[in-house]
>>> print(open('model_26.cif').read())   # mmCIF, C-alpha atoms and all ligand atoms
data_upload
loop_
_atom_site.group_PDB
_atom_site.id
_atom_site.type_symbol
_atom_site.label_atom_id
_atom_site.label_comp_id
_atom_site.auth_asym_id
_atom_site.auth_seq_id
_atom_site.Cartn_x
_atom_site.Cartn_y
_atom_site.Cartn_z
ATOM 1 C CA MET U 925 176.802 51.028 -27.056
ATOM 2 C CA THR U 926 177.424 48.723 -29.961
ATOM 3 C CA GLU U 927 177.788 45.007 -29.369
ATOM 4 C CA ALA U 928 181.300 43.530 -29.532
ATOM 5 C CA PRO U 929 181.891 41.700 -32.821
ATOM 6 C CA ILE U 930 181.995 37.895 -32.704
ATOM 7 C CA LEU U 931 185.138 37.911 -34.852
ATOM 8 C CA ARG U 932 187.743 40.608 -35.271
ATOM 9 C CA VAL U 933 190.644 40.389 -37.670
ATOM 10 C CA ASP U 934 193.294 42.942 -36.774
ATOM 11 C CA ALA U 935 196.106 43.989 -39.132
ATOM 12 C CA LEU U 936 196.496 40.410 -40.330
ATOM 13 C CA THR U 937 199.327 39.637 -42.745
ATOM 14 C CA ARG U 938 200.429 36.304 -44.188
ATOM 15 C CA ARG U 939 203.393 35.951 -46.502
ATOM 16 C CA PHE U 940 204.437 32.914 -48.507
ATOM 17 C CA ARG U 941 208.084 33.571 -49.285
ATOM 18 C CA GLY U 942 207.925 36.730 -51.395
ATOM 19 C CA LEU U 943 204.176 36.669 -51.907
ATOM 20 C CA VAL U 944 201.857 38.631 -49.589
ATOM 21 C CA ALA U 945 198.666 36.527 -49.604
ATOM 22 C CA ILE U 946 196.936 38.636 -46.904
ATOM 23 C CA ASN U 947 198.125 42.206 -46.433
ATOM 24 C CA ASP U 948 197.416 44.165 -43.231
ATOM 25 C CA LEU U 949 193.771 43.088 -43.248
ATOM 26 C CA SER U 950 191.314 44.337 -40.637
ATOM 27 C CA PHE U 951 187.566 43.742 -40.454
ATOM 28 C CA SER U 952 184.900 42.653 -37.980
ATOM 29 C CA VAL U 953 182.012 40.222 -38.164
ATOM 30 C CA ARG U 954 178.826 41.125 -36.349
ATOM 31 C CA ALA U 955 177.243 38.294 -34.337
ATOM 32 C CA GLY U 956 174.150 36.967 -36.057
ATOM 33 C CA SER U 957 175.168 38.149 -39.520
ATOM 34 C CA ILE U 958 176.046 36.459 -42.764
ATOM 35 C CA THR U 959 179.295 38.145 -43.792
ATOM 36 C CA SER U 960 180.831 37.226 -47.127
ATOM 37 C CA VAL U 961 184.434 37.508 -48.277
ATOM 38 C CA ILE U 962 184.682 37.831 -52.040
ATOM 39 C CA GLY U 963 187.470 38.493 -54.509
ATOM 40 C CA PRO U 964 189.062 37.131 -57.678
ATOM 41 C CA ASN U 965 191.041 33.882 -57.682
ATOM 42 C CA GLY U 966 194.180 34.211 -55.608
ATOM 43 C CA ALA U 967 192.758 37.134 -53.606
ATOM 44 C CA GLY U 968 193.567 35.370 -50.323
ATOM 45 C CA LYS U 969 190.127 34.084 -49.279
ATOM 46 C CA SER U 970 191.160 30.520 -48.450
ATOM 47 C CA THR U 971 194.333 31.786 -46.759
ATOM 48 C CA LEU U 972 192.132 34.001 -44.571
ATOM 49 C CA PHE U 973 189.960 31.017 -43.593
ATOM 50 C CA ASN U 974 193.114 29.013 -42.824
ATOM 51 C CA LEU U 975 194.382 31.834 -40.596
ATOM 52 C CA ILE U 976 191.075 32.115 -38.718
ATOM 53 C CA THR U 977 190.778 28.352 -38.149
ATOM 54 C CA GLY U 978 194.416 27.882 -37.136
ATOM 55 C CA TYR U 979 195.590 25.871 -40.145
ATOM 56 C CA LEU U 980 198.047 28.674 -40.884
ATOM 57 C CA ARG U 981 199.855 31.068 -38.582
ATOM 58 C CA PRO U 982 199.915 34.741 -39.505
ATOM 59 C CA SER U 983 203.153 36.549 -40.319
ATOM 60 C CA ALA U 984 201.726 39.496 -38.356
ATOM 61 C CA GLY U 985 198.464 40.597 -36.811
ATOM 62 C CA ASP U 986 195.787 38.947 -34.720
ATOM 63 C CA VAL U 987 192.436 37.212 -34.793
ATOM 64 C CA PHE U 988 190.000 37.685 -31.916
ATOM 65 C CA PHE U 989 186.926 35.474 -31.377
ATOM 66 C CA HIS U 990 184.485 36.808 -28.786
ATOM 67 C CA GLU U 991 187.245 39.348 -28.048
ATOM 68 C CA LYS U 992 189.589 36.535 -27.034
ATOM 69 C CA ARG U 993 192.848 36.326 -28.937
ATOM 70 C CA ILE U 994 192.965 33.030 -30.867
ATOM 71 C CA THR U 995 196.013 33.809 -33.001
ATOM 72 C CA GLY U 996 198.360 30.835 -33.167
ATOM 73 C CA MET U 997 196.056 28.457 -31.254
ATOM 74 C CA SER U 998 195.724 24.892 -32.538
ATOM 75 C CA THR U 999 192.906 24.019 -34.945
ATOM 76 C CA ASP U 1000 191.405 21.781 -32.238
ATOM 77 C CA ARG U 1001 191.281 24.542 -29.648
ATOM 78 C CA ILE U 1002 189.784 27.009 -32.105
ATOM 79 C CA ALA U 1003 187.159 24.467 -33.166
ATOM 80 C CA ALA U 1004 186.392 23.615 -29.527
ATOM 81 C CA GLY U 1005 185.944 27.334 -28.883
ATOM 82 C CA GLY U 1006 183.077 27.429 -31.362
ATOM 83 C CA VAL U 1007 184.433 28.015 -34.872
ATOM 84 C CA ALA U 1008 183.288 25.352 -37.341
ATOM 85 C CA ARG U 1009 184.351 24.989 -40.924
ATOM 86 C CA ALA U 1010 182.136 23.288 -43.469
ATOM 87 C CA PHE U 1011 183.421 21.707 -46.675
ATOM 88 C CA GLN U 1012 186.950 21.214 -45.421
ATOM 89 C CA ILE U 1013 186.006 18.694 -42.759
ATOM 90 C CA ALA U 1014 186.195 14.963 -43.420
ATOM 91 C CA ARG U 1015 183.812 13.399 -45.922
ATOM 92 C CA PRO U 1016 180.647 11.859 -44.525
ATOM 93 C CA PHE U 1017 180.750 8.261 -43.361
ATOM 94 C CA ARG U 1018 179.145 6.603 -46.375
ATOM 95 C CA ASP U 1019 177.795 3.578 -44.487
ATOM 96 C CA LEU U 1020 175.998 5.695 -41.915
ATOM 97 C CA THR U 1021 172.720 7.527 -42.171
ATOM 98 C CA VAL U 1022 172.280 11.301 -42.265
ATOM 99 C CA GLU U 1023 171.177 11.290 -38.623
ATOM 100 C CA GLU U 1024 174.156 9.153 -37.546
ATOM 101 C CA ASN U 1025 176.591 11.463 -39.329
ATOM 102 C CA ILE U 1026 175.090 14.476 -37.591
ATOM 103 C CA ARG U 1027 175.209 12.664 -34.241
ATOM 104 C CA ILE U 1028 178.981 12.237 -34.666
ATOM 105 C CA GLY U 1029 179.263 16.001 -35.136
ATOM 106 C CA ALA U 1030 177.272 16.469 -31.931
ATOM 107 C CA LEU U 1031 179.380 13.983 -29.929
ATOM 108 C CA PHE U 1032 182.607 15.704 -30.885
ATOM 109 C CA GLY U 1033 181.179 19.182 -30.498
ATOM 110 C CA LYS U 1034 181.231 21.795 -27.776
ATOM 111 C CA HIS U 1035 178.520 20.154 -25.658
ATOM 112 C CA GLY U 1036 180.080 16.673 -25.954
ATOM 113 C CA PRO U 1037 177.727 13.784 -25.148
ATOM 114 C CA ARG U 1038 175.313 16.133 -23.375
ATOM 115 C CA ASP U 1039 172.101 17.129 -25.176
ATOM 116 C CA VAL U 1040 172.846 14.970 -28.226
ATOM 117 C CA PRO U 1041 169.223 14.301 -29.277
ATOM 118 C CA ALA U 1042 168.292 17.994 -28.997
ATOM 119 C CA THR U 1043 171.471 19.039 -30.812
ATOM 120 C CA VAL U 1044 170.845 16.572 -33.633
ATOM 121 C CA SER U 1045 167.227 17.600 -34.113
ATOM 122 C CA ARG U 1046 168.204 21.285 -34.165
ATOM 123 C CA ALA U 1047 170.817 20.592 -36.875
ATOM 124 C CA LEU U 1048 168.295 18.559 -38.904
ATOM 125 C CA ARG U 1049 165.708 21.334 -38.591
ATOM 126 C CA LEU U 1050 168.010 24.253 -39.463
ATOM 127 C CA THR U 1051 169.337 22.477 -42.557
ATOM 128 C CA GLY U 1052 166.007 21.035 -43.701
ATOM 129 C CA LEU U 1053 167.238 17.452 -43.591
ATOM 130 C CA GLN U 1054 164.522 15.916 -41.365
ATOM 131 C CA ALA U 1055 162.904 14.000 -44.222
ATOM 132 C CA LEU U 1056 166.264 12.462 -45.139
ATOM 133 C CA GLN U 1057 167.479 11.593 -41.654
ATOM 134 C CA ASP U 1058 167.324 7.823 -42.170
ATOM 135 C CA GLU U 1059 168.890 7.830 -45.648
ATOM 136 C CA HIS U 1060 172.370 6.466 -46.109
ATOM 137 C CA THR U 1061 174.660 9.233 -47.278
ATOM 138 C CA SER U 1062 175.562 7.215 -50.372
ATOM 139 C CA ALA U 1063 172.001 7.946 -51.584
ATOM 140 C CA LEU U 1064 172.333 11.747 -51.299
ATOM 141 C CA THR U 1065 172.748 14.250 -54.123
ATOM 142 C CA VAL U 1066 175.684 16.687 -54.131
ATOM 143 C CA GLY U 1067 173.370 19.415 -52.832
ATOM 144 C CA GLN U 1068 172.123 17.214 -49.995
ATOM 145 C CA LEU U 1069 175.694 16.239 -49.065
ATOM 146 C CA ARG U 1070 176.507 19.959 -48.761
ATOM 147 C CA GLN U 1071 173.492 20.388 -46.483
ATOM 148 C CA LEU U 1072 174.817 17.487 -44.418
ATOM 149 C CA GLU U 1073 178.207 19.181 -44.066
ATOM 150 C CA VAL U 1074 176.475 22.302 -42.768
ATOM 151 C CA ALA U 1075 174.361 20.148 -40.454
ATOM 152 C CA ARG U 1076 177.449 18.445 -39.004
ATOM 153 C CA ALA U 1077 179.086 21.815 -38.405
ATOM 154 C CA VAL U 1078 175.901 23.131 -36.745
ATOM 155 C CA ALA U 1079 175.775 19.993 -34.592
ATOM 156 C CA THR U 1080 179.146 20.875 -33.067
ATOM 157 C CA ARG U 1081 177.277 23.810 -31.454
ATOM 158 C CA ALA U 1082 179.618 26.262 -33.100
ATOM 159 C CA ASP U 1083 178.827 29.977 -32.752
ATOM 160 C CA MET U 1084 180.343 30.694 -36.131
ATOM 161 C CA LEU U 1085 180.309 28.691 -39.336
ATOM 162 C CA LEU U 1086 182.950 29.249 -42.017
ATOM 163 C CA ALA U 1087 181.674 28.033 -45.376
ATOM 164 C CA ASP U 1088 184.139 27.929 -48.273
ATOM 165 C CA GLU U 1089 182.191 27.891 -51.544
ATOM 166 C CA PRO U 1090 179.133 25.941 -50.401
ATOM 167 C CA CYS U 1091 177.409 26.537 -53.762
ATOM 168 C CA ALA U 1092 180.300 25.394 -55.994
ATOM 169 C CA GLY U 1093 179.058 22.806 -58.486
ATOM 170 C CA LEU U 1094 175.421 23.124 -57.444
ATOM 171 C CA ASN U 1095 172.632 23.760 -59.958
ATOM 172 C CA PRO U 1096 170.432 26.878 -59.570
ATOM 173 C CA ALA U 1097 167.750 25.057 -57.556
ATOM 174 C CA GLU U 1098 170.341 23.520 -55.219
ATOM 175 C CA THR U 1099 172.069 26.902 -54.873
ATOM 176 C CA ALA U 1100 168.782 28.573 -53.938
ATOM 177 C CA HIS U 1101 168.201 25.851 -51.372
ATOM 178 C CA MET U 1102 171.699 26.270 -49.887
ATOM 179 C CA ILE U 1103 171.046 30.006 -49.557
ATOM 180 C CA ASP U 1104 167.887 29.203 -47.592
ATOM 181 C CA VAL U 1105 169.846 26.784 -45.403
ATOM 182 C CA LEU U 1106 172.486 29.436 -44.621
ATOM 183 C CA ARG U 1107 169.742 31.925 -43.722
ATOM 184 C CA GLN U 1108 168.056 29.427 -41.411
ATOM 185 C CA VAL U 1109 171.397 28.647 -39.778
ATOM 186 C CA ARG U 1110 171.951 32.365 -39.209
ATOM 187 C CA ASP U 1111 168.416 32.817 -37.892
ATOM 188 C CA GLY U 1112 169.096 29.850 -35.591
ATOM 189 C CA GLY U 1113 171.837 31.893 -33.946
ATOM 190 C CA VAL U 1114 174.951 30.812 -35.848
ATOM 191 C CA THR U 1115 177.022 33.594 -37.400
ATOM 192 C CA VAL U 1116 178.084 32.718 -40.957
ATOM 193 C CA LEU U 1117 181.328 33.725 -42.666
ATOM 194 C CA LEU U 1118 181.003 32.825 -46.316
ATOM 195 C CA VAL U 1119 183.333 32.562 -49.294
ATOM 196 C CA GLU U 1120 181.355 32.060 -52.484
ATOM 197 C CA HIS U 1121 181.913 32.685 -56.177
ATOM 198 C CA ASP U 1122 178.237 32.729 -57.149
ATOM 199 C CA MET U 1123 177.734 36.531 -57.093
ATOM 200 C CA PRO U 1124 173.915 36.582 -57.304
ATOM 201 C CA ALA U 1125 173.865 34.167 -54.362
ATOM 202 C CA VAL U 1126 176.311 36.340 -52.395
ATOM 203 C CA MET U 1127 174.284 39.482 -53.099
ATOM 204 C CA ARG U 1128 171.059 37.806 -51.971
ATOM 205 C CA VAL U 1129 172.292 36.203 -48.780
ATOM 206 C CA SER U 1130 174.913 38.582 -47.329
ATOM 207 C CA ASP U 1131 174.303 41.152 -44.638
ATOM 208 C CA ARG U 1132 177.791 42.508 -45.238
ATOM 209 C CA ILE U 1133 180.559 41.914 -47.778
ATOM 210 C CA VAL U 1134 184.353 42.292 -47.550
ATOM 211 C CA VAL U 1135 186.163 42.422 -50.888
ATOM 212 C CA LEU U 1136 189.747 41.235 -51.235
ATOM 213 C CA ASP U 1137 192.042 41.687 -54.203
ATOM 214 C CA ALA U 1138 195.597 40.334 -54.137
ATOM 215 C CA GLY U 1139 195.524 40.192 -50.332
ATOM 216 C CA ASN U 1140 194.234 43.753 -49.847
ATOM 217 C CA LYS U 1141 190.807 44.810 -48.643
ATOM 218 C CA ILE U 1142 189.503 47.021 -51.436
ATOM 219 C CA ALA U 1143 185.944 47.488 -50.200
ATOM 220 C CA GLU U 1144 183.532 46.634 -47.414
ATOM 221 C CA GLY U 1145 179.827 47.294 -47.134
ATOM 222 C CA SER U 1146 176.284 46.208 -47.827
ATOM 223 C CA PRO U 1147 175.523 44.211 -50.999
ATOM 224 C CA ASP U 1148 174.166 47.393 -52.660
ATOM 225 C CA GLU U 1149 177.296 49.369 -51.813
ATOM 226 C CA ILE U 1150 179.558 46.591 -53.087
ATOM 227 C CA ALA U 1151 177.632 46.046 -56.339
ATOM 228 C CA THR U 1152 178.100 49.683 -57.320
ATOM 229 C CA ASN U 1153 181.672 50.178 -56.035
ATOM 230 C CA PRO U 1154 184.022 51.122 -58.925
ATOM 231 C CA ARG U 1155 187.068 49.444 -57.338
ATOM 232 C CA VAL U 1156 185.148 46.202 -56.980
ATOM 233 C CA ILE U 1157 183.871 46.340 -60.537
ATOM 234 C CA ALA U 1158 187.402 47.024 -61.790
ATOM 235 C CA ALA U 1159 188.849 44.112 -59.787
ATOM 236 C CA TYR U 1160 186.271 41.745 -61.219
ATOM 237 C CA LEU U 1161 186.560 42.972 -64.784
ATOM 238 C CA GLY U 1162 190.337 43.070 -64.614
ATOM 239 C CA THR U 1163 190.509 46.705 -65.737
ATOM 240 C CA PRO U 1164 192.999 49.122 -64.177
ATOM 241 C CA ASP U 1165 192.017 50.299 -60.713
ATOM 242 C CA PRO U 1166 190.335 53.702 -61.177
ATOM 243 C CA MET U 1167 191.190 54.747 -57.622
ATOM 244 C CA THR U 1168 194.953 54.573 -57.996
HETATM 245 P P1 LIG A 1201 191.721 32.431 -53.017
HETATM 246 O O1 LIG A 1201 191.166 31.432 -52.065
HETATM 247 O O2 LIG A 1201 191.160 33.805 -52.831
HETATM 248 O O3 LIG A 1201 191.605 31.994 -54.451
HETATM 249 P P2 LIG A 1201 194.270 31.751 -51.789
HETATM 250 O O4 LIG A 1201 194.140 32.197 -50.395
HETATM 251 O O5 LIG A 1201 194.113 30.304 -52.070
HETATM 252 O O6 LIG A 1201 193.289 32.606 -52.727
HETATM 253 O O7 LIG A 1201 195.702 32.191 -52.340
HETATM 254 C C1 LIG A 1201 196.198 33.516 -52.198
HETATM 255 C C2 LIG A 1201 197.592 33.553 -52.759
HETATM 256 O O8 LIG A 1201 198.468 32.841 -51.893
HETATM 257 C C3 LIG A 1201 197.739 32.905 -54.121
HETATM 258 O O9 LIG A 1201 198.662 33.650 -54.878
HETATM 259 C C4 LIG A 1201 198.240 31.530 -53.800
HETATM 260 O O10 LIG A 1201 199.010 31.011 -54.862
HETATM 261 C C5 LIG A 1201 199.100 31.785 -52.576
HETATM 262 N N1 LIG A 1201 199.162 30.643 -51.661
HETATM 263 C C6 LIG A 1201 198.107 30.106 -50.990
HETATM 264 N N2 LIG A 1201 198.516 29.092 -50.198
HETATM 265 C C7 LIG A 1201 199.846 28.978 -50.386
HETATM 266 C C8 LIG A 1201 200.871 28.114 -49.841
HETATM 267 N N3 LIG A 1201 200.564 27.175 -48.933
HETATM 268 N N4 LIG A 1201 202.135 28.284 -50.259
HETATM 269 C C9 LIG A 1201 202.454 29.259 -51.135
HETATM 270 N N5 LIG A 1201 201.558 30.107 -51.685
HETATM 271 C C10 LIG A 1201 200.267 29.975 -51.314
HETATM 272 MG MG MG A 1202 190.131 29.622 -52.361
#
>>> encode(input="model_26.cif", output="structure tokens")
Amino acid sequence: MTEAPILRVDALTRRFRGLVAINDLSFSVRAGSITSVIGPNGAGKSTLFNLITGYLRPSAGDVFFHEKRITGMSTDRIAAGGVARAFQIARPFRDLTVEENIRIGALFGKHGPRDVPATVSRALRLTGLQALQDEHTSALTVGQLRQLEVARAVATRADMLLADEPCAGLNPAETAHMIDVLRQVRDGGVTVLLVEHDMPAVMRVSDRIVVLDAGNKIAEGSPDEIATNPRVIAAYLGTPDPMT
């Protein structure tokens, strides 16, 4: 018997007036995986994240988390259920230290005030921020601030982390480090759903990839399968779709 997916998107559609941003999209995310959603600009990636986290309501279709229907629930309820989003949450509190920022994530997370020290040290460990825990966030680099956003999401005790372009604007060394952080987060038991433009990074870190183009799923598979898929190559190079 195969394990139930942690997240299941079922025939999801979202229209904006005449535009179909997400079109009859279905896919599943396996617990413990890093699953990436890729696609050209305007493919519908951010809309998908907004639908999963409750910032947008679908025009049709459903989202299931742990096989429980979360479609149309408030952002707060979805977050409290264990879905965290990094990089869209509020900026860090500049006057506070790294550890204090993470503690706030823990206090407002699923476990509430219980287990705060253990939750904070786990988040510091998984994101490699222990050495910086007493730094004020105003002293951090862009790459370290991104790590802090992941750490705050992890500190909420979420089961699934949605990361929208965590490597955007990072240099190659910072990108490589972020990839390591995402792997450690996954290995620490948090499923990762990733949107990222840096293709080499996506290919290195993903267990599975879903490819969107103009709201449609055009491919799904392992990094090797995706890298050699003619429809994917055509979508990225902007050449006519060879399959139609
Ligand atoms: P991506 O993140 O893949 O670049 P988006 O999900 O942001 O794509 O956008 C998908 C499509 O939906 C685009 O054509 C975009 O212009 C449109 N869109 C996104 N959000 C809105 C909105 N709130 N109102 C109208 N159109 C939107
Ligand atoms: Mg986007």
>>> closest_atom_pairs(input="model_26.cif", of="segment 998-1100 of chain U", to="segment 1124-1134 of chain U", cutoff="10 Å", atoms="only C-alpha atoms", output="Markdown table")
| residue | atom | partner | partner_atom | distance |
| --- | --- | --- | --- | --- |
| U:Cys1091 | CA | U:Ala1125 | CA | 8.4 |
| U:Pro1096 | CA | U:Ala1125 | CA | 9.6 |
| U:Thr1099 | CA | U:Ala1125 | CA | 7.5 |
| U:Ala1100 | CA | U:Ala1125 | CA | 7.6 |
>>> write_last_selection(input="model_26.cif", atoms="C-alpha atoms", output="mmCIF file, in the coordinates of the input")
data_model
loop_
_atom_site.group_PDB
_atom_site.id
_atom_site.type_symbol
_atom_site.label_atom_id
_atom_site.label_comp_id
_atom_site.auth_asym_id
_atom_site.auth_seq_id
_atom_site.Cartn_x
_atom_site.Cartn_y
_atom_site.Cartn_z
ATOM 1 C CA CYS U 1091 177.409 26.537 -53.762
ATOM 2 C CA PRO U 1096 170.432 26.878 -59.570
ATOM 3 C CA THR U 1099 172.069 26.902 -54.873
ATOM 4 C CA ALA U 1100 168.782 28.573 -53.938
#
>>> resolve_selection(input="model_26.cif", expression="the PyMOL selection byres (((not hetatm)) within 12 of (chain A and resi 1202))", output="PyMOL selection string")
chain U and resi 945+961-974+1011-1012+1087-1090+1092+1118-1121+1136
>>> write_last_selection(input="model_26.cif", atoms="C-alpha atoms", output="PDB file, keeping the file's coordinate frame")
ATOM      1  CA  ALA U 945     198.666  36.527 -49.604  1.00  0.00           C
ATOM      2  CA  VAL U 961     184.434  37.508 -48.277  1.00  0.00           C
ATOM      3  CA  ILE U 962     184.682  37.831 -52.040  1.00  0.00           C
ATOM      4  CA  GLY U 963     187.470  38.493 -54.509  1.00  0.00           C
ATOM      5  CA  PRO U 964     189.062  37.131 -57.678  1.00  0.00           C
ATOM      6  CA  ASN U 965     191.041  33.882 -57.682  1.00  0.00           C
ATOM      7  CA  GLY U 966     194.180  34.211 -55.608  1.00  0.00           C
ATOM      8  CA  ALA U 967     192.758  37.134 -53.606  1.00  0.00           C
ATOM      9  CA  GLY U 968     193.567  35.370 -50.323  1.00  0.00           C
ATOM     10  CA  LYS U 969     190.127  34.084 -49.279  1.00  0.00           C
ATOM     11  CA  SER U 970     191.160  30.520 -48.450  1.00  0.00           C
ATOM     12  CA  THR U 971     194.333  31.786 -46.759  1.00  0.00           C
ATOM     13  CA  LEU U 972     192.132  34.001 -44.571  1.00  0.00           C
ATOM     14  CA  PHE U 973     189.960  31.017 -43.593  1.00  0.00           C
ATOM     15  CA  ASN U 974     193.114  29.013 -42.824  1.00  0.00           C
ATOM     16  CA  PHE U1011     183.421  21.707 -46.675  1.00  0.00           C
ATOM     17  CA  GLN U1012     186.950  21.214 -45.421  1.00  0.00           C
ATOM     18  CA  ALA U1087     181.674  28.033 -45.376  1.00  0.00           C
ATOM     19  CA  ASP U1088     184.139  27.929 -48.273  1.00  0.00           C
ATOM     20  CA  GLU U1089     182.191  27.891 -51.544  1.00  0.00           C
ATOM     21  CA  PRO U1090     179.133  25.941 -50.401  1.00  0.00           C
ATOM     22  CA  ALA U1092     180.300  25.394 -55.994  1.00  0.00           C
ATOM     23  CA  LEU U1118     181.003  32.825 -46.316  1.00  0.00           C
ATOM     24  CA  VAL U1119     183.333  32.562 -49.294  1.00  0.00           C
ATOM     25  CA  GLU U1120     181.355  32.060 -52.484  1.00  0.00           C
ATOM     26  CA  HIS U1121     181.913  32.685 -56.177  1.00  0.00           C
ATOM     27  CA  LEU U1136     189.747  41.235 -51.235  1.00  0.00           C
TER      28      LEU U1136
END
>>> atom_distance(input="model_26.cif", atom1="atom CA of Phe951 of chain U", atom2="atom CA of Gln1071 of chain U")
27.9 Å
>>> atom_distance(input="model_26.cif", atom1="atom CA of Pro1037 of chain U", atom2="atom CA of Arg1081 of chain U")
11.9 Å
>>> residues_near_point(input="model_26.cif", point="(178.2, 7.4, -43.2)", cutoff="12 Å", atoms="only C-alpha atoms", output="list in words")
Ala1014, Arg1015, Pro1016, Phe1017, Arg1018, Asp1019, Leu1020, Thr1021, Val1022, Glu1023, Glu1024, Asn1025, Ile1026, Arg1027, Ile1028, Gly1029, Gln1057, Asp1058, Glu1059, His1060, Thr1061, Ser1062, Ala1063, Leu1064, Leu1069, Leu1072, Glu1073 and Arg1076 of chain U
>>> residues_around(input="model_26.cif", residues="Ala935 of chain U", least_positions_apart="4", cutoff="8 Å", atoms="only C-alpha atoms", output="PyMOL selection string")
chain U and resi 947-950+984-986
>>> atom_distance(input="model_26.cif", atom1="atom CA of Gly1006 of chain U", atom2="atom CA of Ser952 of chain U")
16.7 Å
>>> axis_aligned_box(input="model_26.cif", around="ligand LIG 1201 (chain A)", padding_each_side="8 Å", output="lines of an AutoDock Vina configuration file")
center_x = 196.8
center_y = 30.5
center_z = -51.9
size_x = 27.3
size_y = 22.6
size_z = 21.9
>>> decode(input="model_26.cif", residues="segment 961-977 of chain U", atoms="N, CA and C atoms", output="compact mmCIF listing (two decimals), in the first residue's frame")
# COMPACT_ATOMS: atom_id res chain seq x y z
N VAL U 961 7.68 23.20 -8.28
CA VAL U 961 6.77 23.63 -9.33
C VAL U 961 7.53 24.66 -10.16
N ILE U 962 7.73 24.33 -11.44
CA ILE U 962 8.47 25.25 -12.30
C ILE U 962 7.60 25.62 -13.50
N GLY U 963 8.03 26.65 -14.21
CA GLY U 963 7.31 27.10 -15.39
C GLY U 963 7.68 28.54 -15.69
N PRO U 964 7.49 28.95 -16.95
CA PRO U 964 7.84 30.32 -17.34
C PRO U 964 7.03 31.35 -16.55
N ASN U 965 7.43 32.60 -16.62
CA ASN U 965 6.69 33.68 -15.98
C ASN U 965 5.24 33.64 -16.39
N GLY U 966 4.34 33.81 -15.42
CA GLY U 966 2.92 33.82 -15.73
C GLY U 966 2.32 32.43 -15.83
N ALA U 967 3.10 31.40 -15.52
CA ALA U 967 2.62 30.02 -15.64
C ALA U 967 1.54 29.70 -14.61
N GLY U 968 1.52 30.44 -13.49
CA GLY U 968 0.51 30.20 -12.47
C GLY U 968 1.08 29.71 -11.14
N LYS U 969 2.39 29.76 -10.98
CA LYS U 969 3.05 29.21 -9.80
C LYS U 969 2.63 29.94 -8.52
N SER U 970 2.68 31.27 -8.55
CA SER U 970 2.31 32.02 -7.34
C SER U 970 0.82 31.90 -7.07
N THR U 971 0.02 31.85 -8.13
CA THR U 971 -1.43 31.63 -7.96
C THR U 971 -1.67 30.30 -7.26
N LEU U 972 -0.94 29.26 -7.67
CA LEU U 972 -1.07 27.95 -7.04
C LEU U 972 -0.75 28.03 -5.55
N PHE U 973 0.36 28.69 -5.20
CA PHE U 973 0.71 28.85 -3.78
C PHE U 973 -0.39 29.61 -3.04
N ASN U 974 -0.94 30.63 -3.67
CA ASN U 974 -2.02 31.40 -3.03
C ASN U 974 -3.27 30.55 -2.82
N LEU U 975 -3.53 29.63 -3.73
CA LEU U 975 -4.68 28.74 -3.59
C LEU U 975 -4.46 27.73 -2.47
N ILE U 976 -3.23 27.21 -2.38
CA ILE U 976 -2.93 26.21 -1.34
C ILE U 976 -2.97 26.84 0.05
N THR U 977 -2.49 28.08 0.17
CA THR U 977 -2.39 28.72 1.49
C THR U 977 -3.63 29.51 1.85
